[in-house]
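Enquirer: Structure: final31.csv, CSV, C-alpha atoms.
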chain,number,residue,atom,x,y,z
A,272,MET,CA,22.8,-21.3,-25.7
A,273,ARG,CA,22.4,-24.1,-28.2
A,274,LEU,CA,24.1,-23.2,-31.5
A,275,LEU,CA,24.1,-25.0,-34.9
A,276,PHE,CA,27.5,-24.8,-36.7
A,277,LEU,CA,27.7,-25.7,-40.4
A,278,ALA,CA,30.9,-26.3,-42.2
A,279,CYS,CA,32.3,-28.6,-44.9
A,280,LEU,CA,33.8,-31.4,-42.8
A,281,SER,CA,35.9,-33.4,-45.3
A,282,PRO,CA,38.3,-35.2,-43.0
A,283,LYS,CA,41.8,-33.9,-42.5
A,284,THR,CA,41.2,-30.6,-44.4
A,285,GLY,CA,41.9,-27.1,-43.2
A,286,ASN,CA,38.2,-26.4,-43.2
A,287,CYS,CA,37.5,-29.3,-40.9
A,288,THR,CA,40.4,-28.3,-38.5
A,289,THR,CA,39.2,-24.7,-38.4
A,290,ALA,CA,35.6,-25.7,-37.7
A,291,GLU,CA,36.6,-28.0,-34.8
A,292,ARG,CA,38.9,-25.4,-33.3
A,293,ILE,CA,36.1,-22.7,-33.4
A,294,ARG,CA,33.6,-25.2,-32.0
A,295,ASN,CA,36.0,-25.8,-29.0
A,296,HIS,CA,36.1,-22.0,-28.5
A,297,ILE,CA,32.3,-21.8,-28.3
A,298,VAL,CA,32.0,-24.9,-26.0
A,299,ALA,CA,34.6,-23.4,-23.7
A,300,ALA,CA,32.3,-20.4,-23.2
A,301,GLY,CA,29.6,-22.7,-21.8
A,302,HIS,CA,27.5,-23.1,-24.9
A,303,THR,CA,26.3,-26.3,-26.7
A,304,CYS,CA,27.6,-26.3,-30.3
A,305,VAL,CA,26.2,-28.9,-32.8
A,306,LEU,CA,28.7,-29.2,-35.6
A,307,CYS,CA,27.2,-30.5,-38.9
A,308,ASP,CA,28.6,-31.1,-42.4
A,309,THR,CA,27.0,-28.8,-45.0
A,310,ARG,CA,26.8,-31.9,-47.3
A,311,GLU,CA,24.1,-33.4,-45.0
A,312,PHE,CA,21.7,-30.7,-46.2
A,313,SER,CA,20.4,-30.1,-49.7
A,314,SER,CA,18.6,-26.9,-49.1
A,315,ALA,CA,17.7,-24.2,-46.5
A,316,SER,CA,14.4,-25.9,-45.8
A,317,ASP,CA,16.3,-29.0,-44.5
A,318,VAL,CA,17.9,-26.8,-41.9
A,319,SER,CA,14.7,-24.9,-41.0
A,320,SER,CA,13.0,-28.3,-40.4
A,321,LEU,CA,15.9,-29.2,-38.1
A,322,MET,CA,15.2,-26.0,-36.1
A,323,THR,CA,11.7,-27.2,-35.1
A,324,GLN,CA,13.2,-30.3,-33.3
A,325,GLU,CA,13.8,-30.4,-29.6
A,326,PRO,CA,16.1,-29.3,-28.0
A,327,ARG,CA,15.7,-26.0,-29.9
A,328,VAL,CA,18.6,-24.4,-31.6
A,329,GLU,CA,18.8,-20.7,-30.6
A,330,ALA,CA,21.6,-19.4,-33.0
A,331,ALA,CA,23.8,-20.5,-35.9
A,332,LEU,CA,27.2,-20.1,-37.5
A,333,ALA,CA,28.5,-21.2,-40.9
A,334,ILE,CA,31.9,-21.4,-42.6
A,335,HIS,CA,31.7,-20.4,-46.3
A,336,LEU,CA,29.0,-18.0,-47.4
A,337,PHE,CA,27.6,-20.1,-50.2
A,338,LYS,CA,28.1,-23.7,-49.0
A,339,GLY,CA,27.1,-22.9,-45.4
A,340,GLY,CA,25.5,-19.5,-45.3
A,341,ARG,CA,22.8,-20.2,-47.9
A,342,LEU,CA,21.5,-23.0,-45.7
A,343,LEU,CA,20.8,-20.5,-42.8
A,344,LEU,CA,18.6,-18.1,-44.8
A,345,ASP,CA,15.4,-19.7,-43.6
A,346,ALA,CA,16.7,-20.9,-40.2
A,347,GLY,CA,14.7,-18.3,-38.2
A,348,VAL,CA,17.5,-17.7,-35.7
A,349,PRO,CA,20.2,-15.1,-35.6
A,350,PHE,CA,23.4,-16.3,-37.3
A,351,GLY,CA,27.0,-15.3,-38.2
A,352,VAL,CA,29.3,-16.4,-41.0
A,353,VAL,CA,33.0,-17.0,-41.6
A,354,PHE,CA,34.4,-16.5,-45.0
A,355,GLY,CA,36.0,-19.7,-46.4
A,356,GLY,CA,38.1,-18.3,-49.2
A,357,THR,CA,36.7,-19.9,-52.3
A,358,ASP,CA,33.4,-18.1,-51.6
A,359,VAL,CA,35.0,-14.7,-52.2
A,360,ASN,CA,37.8,-15.8,-54.6
A,361,GLU,CA,35.8,-18.2,-56.8
A,362,ASP,CA,32.0,-18.4,-56.2
A,363,VAL,CA,31.6,-14.7,-56.5
A,364,LYS,CA,32.2,-15.0,-60.2
A,365,ASP,CA,28.9,-16.9,-60.5
A,366,GLU,CA,26.0,-14.4,-60.7
A,367,HIS,CA,23.5,-16.7,-58.9
A,368,LYS,CA,25.9,-17.6,-56.1
A,369,ARG,CA,27.0,-14.0,-55.7
A,370,ALA,CA,23.3,-12.9,-55.2
A,371,VAL,CA,22.8,-15.7,-52.6
A,372,MET,CA,26.0,-14.6,-50.7
A,373,GLU,CA,24.9,-11.0,-50.7
A,374,GLU,CA,21.6,-12.0,-49.1
A,375,VAL,CA,23.5,-14.1,-46.5
A,376,LEU,CA,25.6,-11.1,-45.6
A,377,ARG,CA,22.6,-8.8,-45.3
A,378,LYS,CA,20.9,-11.2,-42.9
A,379,ALA,CA,24.0,-12.2,-40.9
A,380,ARG,CA,24.7,-10.5,-37.5
A,381,PHE,CA,28.4,-10.6,-38.2
A,382,ALA,CA,31.0,-12.0,-40.7
A,383,VAL,CA,34.6,-13.1,-40.0
A,384,ALA,CA,37.4,-12.7,-42.5
A,385,PHE,CA,40.8,-14.3,-41.9
A,386,THR,CA,42.7,-11.4,-43.5
A,387,ASP,CA,42.3,-7.6,-44.2
A,388,ALA,CA,42.6,-8.4,-47.9
A,389,LEU,CA,39.6,-10.9,-47.7
A,390,LYS,CA,37.6,-8.3,-45.9
A,391,GLU,CA,38.3,-5.6,-48.5
A,392,GLN,CA,37.4,-8.1,-51.3
A,393,ALA,CA,34.1,-8.9,-49.6
A,394,GLN,CA,33.3,-5.2,-49.3
A,395,VAL,CA,34.0,-4.5,-52.9
A,396,LEU,CA,32.5,-7.7,-54.5
A,397,LEU,CA,29.6,-8.4,-52.2
A,398,GLY,CA,28.8,-4.9,-51.0
A,399,CYS,CA,29.1,-5.7,-47.3
A,400,GLU,CA,29.3,-2.9,-44.8
A,401,ASN,CA,32.6,-2.4,-43.1
A,402,LYS,CA,31.4,-2.6,-39.5
A,403,LYS,CA,29.8,-6.1,-40.1
A,404,ILE,CA,33.1,-7.8,-41.0
A,405,ARG,CA,35.5,-8.7,-38.2
A,406,VAL,CA,39.1,-9.6,-39.2
A,407,GLN,CA,40.4,-12.5,-37.1
A,408,PRO,CA,43.4,-14.5,-38.4
A,409,GLN,CA,43.3,-18.3,-37.7
A,410,GLY,CA,44.8,-19.4,-34.4
A,411,ILE,CA,47.5,-22.0,-35.0
A,412,GLU,CA,48.5,-24.9,-32.8
A,413,THR,CA,50.7,-27.8,-33.9
A,414,LYS,CA,51.5,-31.2,-32.3
A,415,VAL,CA,53.8,-33.9,-33.6
A,416,ALA,CA,53.4,-37.7,-33.3
A,417,LEU,CA,56.1,-39.1,-31.1
A,418,ASN,CA,56.2,-42.5,-32.8
A,419,PHE,CA,56.5,-41.2,-36.4
A,420,CYS,CA,59.1,-42.9,-38.5
A,421,TRP,CA,60.4,-40.7,-41.3
A,422,SER,CA,62.3,-43.4,-43.2
A,423,ASP,CA,59.2,-45.7,-43.1
A,424,PHE,CA,57.0,-42.8,-44.4
A,425,LEU,CA,59.5,-42.2,-47.3
A,426,HIS,CA,59.6,-45.9,-48.2
A,427,SER,CA,55.8,-46.3,-48.2
A,428,THR,CA,55.6,-43.2,-50.4
A,429,GLY,CA,58.0,-44.7,-53.0
A,430,VAL,CA,61.0,-42.7,-52.2
A,431,LEU,CA,63.8,-45.2,-52.4
A,432,THR,CA,67.2,-43.9,-51.5
A,433,LYS,CA,70.0,-44.9,-49.1
A,434,GLN,CA,70.8,-41.2,-48.5
A,435,VAL,CA,67.8,-40.3,-46.4
A,436,GLU,CA,69.9,-37.8,-44.3
A,437,ASN,CA,71.0,-36.0,-47.5
A,438,LEU,CA,67.5,-35.9,-49.1
A,439,HIS,CA,65.7,-32.6,-49.4
A,440,VAL,CA,61.9,-33.2,-49.3
A,441,PHE,CA,59.6,-30.4,-50.6
A,442,LEU,CA,56.2,-31.2,-49.1
A,443,LEU,CA,53.0,-30.0,-50.9
A,444,VAL,CA,50.1,-30.3,-48.4
A,445,CYS,CA,46.6,-30.0,-49.9
A,446,GLY,CA,43.2,-31.6,-50.3
A,447,LEU,CA,43.2,-33.1,-53.8
A,448,ARG,CA,40.9,-30.9,-55.8
A,449,ARG,CA,41.5,-28.6,-58.8
A,450,VAL,CA,41.7,-25.3,-57.0
A,451,LYS,CA,44.8,-26.6,-55.1
A,452,ASP,CA,46.6,-27.2,-58.5
A,453,PRO,CA,49.0,-29.8,-57.1
A,454,LEU,CA,50.3,-30.7,-60.6
A,455,TYR,CA,51.4,-27.1,-61.3
A,456,LEU,CA,55.1,-27.8,-60.5
A,457,LEU,CA,55.2,-31.4,-61.7
A,458,GLU,CA,57.2,-30.9,-65.0
A,459,ALA,CA,59.6,-28.3,-63.6
A,460,PHE,CA,60.3,-30.3,-60.5
A,461,ALA,CA,60.8,-33.5,-62.4
A,462,GLU,CA,63.4,-31.8,-64.6
A,463,TRP,CA,65.2,-30.4,-61.5
A,464,HIS,CA,65.2,-33.9,-59.9
A,465,SER,CA,66.8,-35.3,-63.0
A,466,GLN,CA,69.7,-32.9,-62.4
A,467,ASN,CA,69.7,-33.3,-58.6
A,468,PRO,CA,68.2,-36.7,-57.5
A,469,LEU,CA,68.4,-35.6,-53.8
A,470,VAL,CA,65.4,-33.2,-54.2
A,471,VAL,CA,61.9,-34.7,-54.2
A,472,LEU,CA,58.4,-33.3,-54.2
A,473,ILE,CA,55.8,-35.2,-52.1
A,474,ILE,CA,52.2,-34.3,-52.5
A,475,ILE,CA,50.0,-35.3,-49.5
A,476,GLY,CA,46.4,-34.7,-48.5
A,477,PRO,CA,42.9,-36.1,-48.4
A,478,VAL,CA,40.9,-37.0,-51.5
A,479,ILE,CA,38.3,-34.3,-52.1
A,480,ASP,CA,37.6,-34.8,-55.8
A,481,PRO,CA,38.0,-38.6,-56.7
A,482,VAL,CA,38.1,-37.9,-60.5
A,483,PHE,CA,40.8,-35.3,-60.2
A,484,THR,CA,42.7,-37.5,-57.7
A,485,ALA,CA,42.9,-40.2,-60.4
A,486,GLU,CA,44.4,-37.6,-62.7
A,487,VAL,CA,47.0,-36.7,-60.1
A,488,GLU,CA,47.9,-40.4,-59.5
A,489,GLU,CA,48.3,-41.0,-63.2
A,490,SER,CA,50.5,-37.9,-63.7
A,491,VAL,CA,52.7,-38.7,-60.7
A,492,LYS,CA,53.2,-42.3,-61.9
A,493,ARG,CA,54.6,-41.0,-65.2
A,494,SER,CA,56.9,-38.5,-63.5
A,495,VAL,CA,60.3,-38.7,-61.7
A,496,GLY,CA,61.1,-37.1,-58.4
A,497,VAL,CA,57.4,-36.4,-57.6
A,498,PHE,CA,55.4,-38.7,-55.3
A,499,LEU,CA,51.9,-39.0,-53.9
A,500,ALA,CA,51.7,-40.0,-50.3
A,501,ALA,CA,48.9,-41.7,-48.4
A,502,ASP,CA,47.0,-39.4,-46.1
A,503,LEU,CA,48.2,-39.1,-42.5
A,504,SER,CA,46.7,-38.1,-39.2
A,505,GLN,CA,47.2,-34.4,-38.2
A,506,GLU,CA,50.0,-35.2,-35.7
A,507,GLU,CA,51.7,-37.5,-38.2
A,508,LEU,CA,51.5,-34.8,-40.9
A,509,HIS,CA,53.0,-32.3,-38.5
A,510,SER,CA,55.9,-34.8,-37.9
A,511,ALA,CA,56.4,-35.2,-41.7
A,512,MET,CA,56.4,-31.4,-42.1
A,513,GLN,CA,59.0,-31.0,-39.4
A,514,LYS,CA,61.3,-33.6,-41.2
A,515,SER,CA,60.9,-32.0,-44.6
A,516,PHE,CA,63.1,-29.3,-46.1
A,517,ALA,CA,60.3,-26.9,-47.1
A,518,LEU,CA,56.5,-26.6,-47.3
A,519,VAL,CA,55.1,-25.9,-50.8
A,520,ASN,CA,51.7,-24.3,-51.7
A,521,SER,CA,50.7,-24.2,-55.4
A,522,SER,CA,47.0,-23.2,-55.1
A,523,LEU,CA,45.1,-21.2,-57.7
A,524,SER,CA,43.4,-19.4,-54.8
A,525,GLU,CA,43.5,-19.5,-51.0
A,526,GLY,CA,41.5,-18.1,-48.1
A,527,MET,CA,44.1,-18.6,-45.5
A,528,SER,CA,46.2,-21.8,-45.8
A,529,ALA,CA,46.4,-23.6,-42.5
A,530,ALA,CA,49.3,-25.7,-43.9
A,531,ILE,CA,51.4,-22.6,-44.5
A,532,LEU,CA,50.8,-21.3,-41.0
A,533,GLU,CA,51.5,-24.7,-39.4
A,534,ALA,CA,54.7,-25.0,-41.3
A,535,MET,CA,55.9,-21.6,-40.0
A,536,ASP,CA,54.9,-22.8,-36.5
A,537,LEU,CA,56.9,-26.0,-36.9
A,538,GLY,CA,60.1,-24.1,-38.1
A,539,LEU,CA,59.8,-25.0,-41.8
A,540,PRO,CA,60.6,-22.6,-44.7
A,541,VAL,CA,57.6,-21.9,-47.0
A,542,LEU,CA,57.4,-21.5,-50.8
A,543,ALA,CA,54.0,-20.4,-51.8
A,544,ARG,CA,52.4,-19.5,-55.1
A,545,ASP,CA,51.9,-15.7,-55.3
A,546,VAL,CA,48.1,-15.4,-55.0
A,547,PRO,CA,46.3,-12.9,-52.8
A,548,GLY,CA,45.4,-15.3,-50.0
A,549,ASN,CA,49.1,-16.4,-49.7
A,550,ALA,CA,50.5,-13.0,-50.1
A,551,ALA,CA,48.4,-11.9,-47.2
A,552,ILE,CA,50.3,-14.2,-44.8
A,553,VAL,CA,53.7,-14.7,-46.5
A,554,GLU,CA,55.9,-11.7,-46.8
A,555,HIS,CA,58.4,-12.4,-49.6
A,556,LYS,CA,61.9,-13.0,-48.4
A,557,VAL,CA,60.8,-12.3,-44.8
A,558,THR,CA,58.5,-15.0,-43.6
A,559,GLY,CA,58.6,-17.1,-46.8
A,560,LEU,CA,59.1,-17.1,-50.6
A,561,LEU,CA,56.4,-16.2,-53.2
A,562,TYR,CA,56.8,-17.6,-56.7
A,563,SER,CA,54.7,-16.8,-59.9
A,564,SER,CA,55.8,-19.7,-62.2
A,565,PRO,CA,57.2,-23.2,-61.9
A,566,GLN,CA,60.6,-21.9,-63.2
A,567,GLU,CA,60.6,-19.2,-60.5
A,568,PHE,CA,59.8,-21.9,-57.9
A,569,VAL,CA,62.8,-24.0,-59.0
A,570,SER,CA,65.1,-20.9,-59.0
A,571,MET,CA,64.0,-19.9,-55.5
A,572,SER,CA,64.3,-23.5,-54.2
A,573,ARG,CA,67.9,-23.7,-55.5
A,574,LYS,CA,68.7,-20.5,-53.8
A,575,LEU,CA,67.1,-21.7,-50.6
A,576,LEU,CA,69.1,-24.9,-50.6
A,577,ASP,CA,72.4,-23.0,-50.9
A,578,ASP,CA,71.7,-20.2,-48.5
A,579,ARG,CA,71.6,-21.3,-44.9
A,580,GLU,CA,71.2,-17.7,-43.7
A,581,LEU,CA,68.1,-17.3,-45.8
A,582,GLN,CA,66.7,-20.6,-44.4
A,583,GLU,CA,67.3,-19.4,-40.8
A,584,ARG,CA,65.8,-16.0,-41.4
A,585,LEU,CA,62.6,-17.3,-43.0
A,586,VAL,CA,62.2,-19.8,-40.1
A,587,ARG,CA,62.8,-17.3,-37.4
A,588,ASN,CA,60.5,-14.6,-38.9
A,589,GLY,CA,57.8,-17.2,-39.7
A,590,LYS,CA,57.8,-18.4,-36.1
A,591,ASN,CA,57.6,-14.8,-34.8
A,592,TYR,CA,54.8,-14.0,-37.2
A,593,ILE,CA,52.7,-17.0,-35.9
A,594,THR,CA,53.3,-16.1,-32.3
A,595,THR,CA,52.3,-12.5,-32.9
A,596,CYS,CA,49.4,-12.8,-35.3
A,597,HIS,CA,48.0,-16.3,-35.0
A,598,ASN,CA,47.5,-16.7,-31.3
A,599,PRO,CA,44.7,-19.2,-30.6
A,600,VAL,CA,43.9,-17.4,-27.3
A,601,LYS,CA,43.1,-14.2,-29.2
A,602,GLU,CA,41.0,-16.2,-31.6
A,603,ARG,CA,39.1,-17.8,-28.8
A,604,ILE,CA,38.2,-14.4,-27.2
A,605,THR,CA,37.0,-13.1,-30.6
A,606,TYR,CA,34.6,-15.9,-31.3
A,607,GLN,CA,33.3,-16.0,-27.8
A,608,LYS,CA,32.5,-12.3,-27.9
A,609,LEU,CA,30.9,-12.6,-31.4
A,610,VAL,CA,28.7,-15.6,-30.3
A,611,GLU,CA,27.4,-13.4,-27.4
A,612,THR,CA,25.9,-11.1,-30.1
A,613,LEU,CA,23.7,-13.9,-31.3
A,614,HIS,CA,21.7,-14.0,-28.0
So that I can check it, write out the structure of this file as structure tokens.

Expert:
Amino acid sequence: MRLLFLACLSPKTGNCTTAERIRNHIVAAGHTCVLCDTREFSSASDVSSLMTQEPRVEAALAIHLFKGGRLLLDAGVPFGVVFGGTDVNEDVKDEHKRAVMEEVLRKARFAVAFTDALKEQAQVLLGCENKKIRVQPQGIETKVALNFCWSDFLHSTGVLTKQVENLHVFLLVCGLRRVKDPLYLLEAFAEWHSQNPLVVLIIIGPVIDPVFTAEVEESVKRSVGVFLAADLSQEELHSAMQKSFALVNSSLSEGMSAAILEAMDLGLPVLARDVPGNAAIVEHKVTGLLYSSPQEFVSMSRKLLDDRELQERLVRNGKNYITTCHNPVKERITYQKLVETLH
């Protein structure tokens, strides 16, 4: 079967990583999967004209109900959708977008939600029937770069210290756009750094919104103890995560943060903002720490620094959680079975 797969493919983002992983699952089942960036199409008619070309596409899949799903409404082939996170958390607040997403769900053969909470939200807000939505957590695989130099990375980021071995790096991994709110902790962290120069916050991720990125760059320049790093390859990023003290998430909303899951897999404690998408995968004081304000973040971080037992418990439980709930083999089987329903 030849299948068209639509997703937002901004390089080095969670969306892009997820799309490539799902495509590999589909290809492994013997199908042809054509992965396209949603930004290449302005409307559903663009996709329907693509469907008339040879070789013919027989089915379709999209990540994100609005950005991807709306483009499949006139495709004329059976399709499935995968919730992205901002579709259910943010776009649903817009009446026009909500109406479009409701139509997408009505026409879709199936929908995949990463968490039970996301499924429940979709049922309530978009009126989707229970049996249509399948819950499948993201499968997680990490791989570190063997030639990664931590001290070079710190130096290139602007972290100048002779006490690299005593430094505690809090790494905030996110695509630079407003919903990720990377400046949320800036003032509180800068104040903490002034008291303890061996704690630093490094923000790292691809530029998604250039205007907002310029704001982040300007704010970081005026701050102390907070740095903005140049983007890395996936393997280099995993190496940097492994060398850091903790992974930080400060998003206003999340579907399912791949960075949080990858950090758990790499043996890194996680401090995440207490929003539904994060609370669905981080159990407070068990697999990570959830904070509700910048002050609470600093308080929890101080505690984590001083409590070796807490560090070890979070790392151990986080790794066990990934092994149990985010197995890529289970994910592969799920998508391969769902794609068969599109025949």

Enquirer: Using atom CA of Lys364 of chain A and atom CA of Gly398 of chain A as the two end points, give the distance in Å to one decimal.

Expert: 14.1 Å

Enquirer: Write out as a PDB file with C-alpha atoms, keeping the file's coordinate frame each polymer residue whose atoms come within 9 Å of Val328 of chain A, counting all atoms listed in the file; drop sequence neighbours fewer than 5 positions from it.

Expert:
ATOM      1  CA  MET A 272      22.800 -21.300 -25.700  1.00  0.00           C
ATOM      2  CA  ARG A 273      22.400 -24.100 -28.200  1.00  0.00           C
ATOM      3  CA  LEU A 274      24.100 -23.200 -31.500  1.00  0.00           C
ATOM      4  CA  LEU A 275      24.100 -25.000 -34.900  1.00  0.00           C
ATOM      5  CA  VAL A 305      26.200 -28.900 -32.800  1.00  0.00           C
ATOM      6  CA  LEU A 321      15.900 -29.200 -38.100  1.00  0.00           C
ATOM      7  CA  MET A 322      15.200 -26.000 -36.100  1.00  0.00           C
ATOM      8  CA  THR A 323      11.700 -27.200 -35.100  1.00  0.00           C
ATOM      9  CA  VAL A 348      17.500 -17.700 -35.700  1.00  0.00           C
TER      10      VAL A 348
END

Enquirer: List as number ranges by chain the protein and nucleic acid residues near segment 530-536 of chain A, meaning an atom at most 6 Å away when only C-alpha atoms are counted, but skip any in the same chain fewer than 2 places from it.

Expert: A: 528, 538-539, 589-590

Enquirer: Restricting the calculation to only C-alpha atoms, which member of A:Glu291, A:Glu391, A:Glu412, A:Glu361 is positioned closest to Pro599 of chain A?

Expert: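 Closest to Pro599 of chain A of all the choices is A:Glu412.
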
Enquirer: With distances taken over only C-alpha atoms, which of A:Ala382, A:Leu469, A:Val415, A:Val546 is nearest to Lys451 of chain A?

Expert: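 Nearest to Lys451 of chain A: A:Val546.
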
Enquirer: Excluding same-chain residues fewer than 3 positions from Arg369 of chain A, what lies within 10 Å of it counting only C-alpha atoms, as a JSON list (two decimals) with C-alpha atoms, in the coordinates of the input?

Expert:
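Output file result-v6.json follows:
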[["chain", "number", "residue", "atom", "x", "y", "z"],
["A", 336, "LEU", "CA", 29.00, -18.00, -47.40],
["A", 337, "PHE", "CA", 27.60, -20.10, -50.20],
["A", 358, "ASP", "CA", 33.40, -18.10, -51.60],
["A", 359, "VAL", "CA", 35.00, -14.70, -52.20],
["A", 361, "GLU", "CA", 35.80, -18.20, -56.80],
["A", 362, "ASP", "CA", 32.00, -18.40, -56.20],
["A", 363, "VAL", "CA", 31.60, -14.70, -56.50],
["A", 364, "LYS", "CA", 32.20, -15.00, -60.20],
["A", 365, "ASP", "CA", 28.90, -16.90, -60.50],
["A", 366, "GLU", "CA", 26.00, -14.40, -60.70],
["A", 372, "MET", "CA", 26.00, -14.60, -50.70],
["A", 373, "GLU", "CA", 24.90, -11.00, -50.70],
["A", 374, "GLU", "CA", 21.60, -12.00, -49.10],
["A", 375, "VAL", "CA", 23.50, -14.10, -46.50],
["A", 396, "LEU", "CA", 32.50, -7.70, -54.50],
["A", 397, "LEU", "CA", 29.60, -8.40, -52.20]]

Enquirer: Find the spatial neighbours of segment 505-514 of chain A, counting all atoms listed in the file, within a cut-off of 9 Å - ignore same-chain residues fewer than 4 positions away - and output them as a PyMOL selection string.

Expert: chain A and resi 283+413-421+424+440+442+444+475+518+533-534+537-539

Enquirer: Please list as a list in words every residue within 10 Å of Arg310 of chain A, counting all atoms listed in the file and excluding residues in the same chain fewer than 3 positions away.

Expert: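 The residues satisfying every condition are Leu277, Ala278, Cys279, Leu280, Ser281, Cys307, Ser313, Ser314, Lys338 and Gly339 of chain A.
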
Enquirer: Save the residues we just selected, C-alpha atoms, as a short mmCIF file (atom, residue, chain, number, x, y, z; two decimals), keeping the file's coordinate frame?

Expert:
data_model
loop_
_atom_site.label_atom_id
_atom_site.label_comp_id
_atom_site.auth_asym_id
_atom_site.auth_seq_id
_atom_site.Cartn_x
_atom_site.Cartn_y
_atom_site.Cartn_z
CA LEU A 277 27.70 -25.70 -40.40
CA ALA A 278 30.90 -26.30 -42.20
CA CYS A 279 32.30 -28.60 -44.90
CA LEU A 280 33.80 -31.40 -42.80
CA SER A 281 35.90 -33.40 -45.30
CA CYS A 307 27.20 -30.50 -38.90
CA SER A 313 20.40 -30.10 -49.70
CA SER A 314 18.60 -26.90 -49.10
CA LYS A 338 28.10 -23.70 -49.00
CA GLY A 339 27.10 -22.90 -45.40
#

Enquirer: Determine the nearest neighbour of Arg544 of chain A from the options A:Glu583, A:Asp452, A:Glu602, A:Asp480, counting all atoms listed in the file.

Expert: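 So, comparing all the options, the nearest one is A:Asp452.
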
Enquirer: From the list A:His464, A:His439, A:His426, A:Arg448, which residue is nearest Ala500 of chain A when using all atoms listed in the file?

Expert: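 Answer, going by the shortest atom-to-atom distance: A:His426.
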
Enquirer: So, with only C-alpha atoms as the atoms that count, which of A:Ala370, A:Ile334, A:Asn295, A:Val318 lies closest to Gly347 of chain A?

Expert: A:Val318
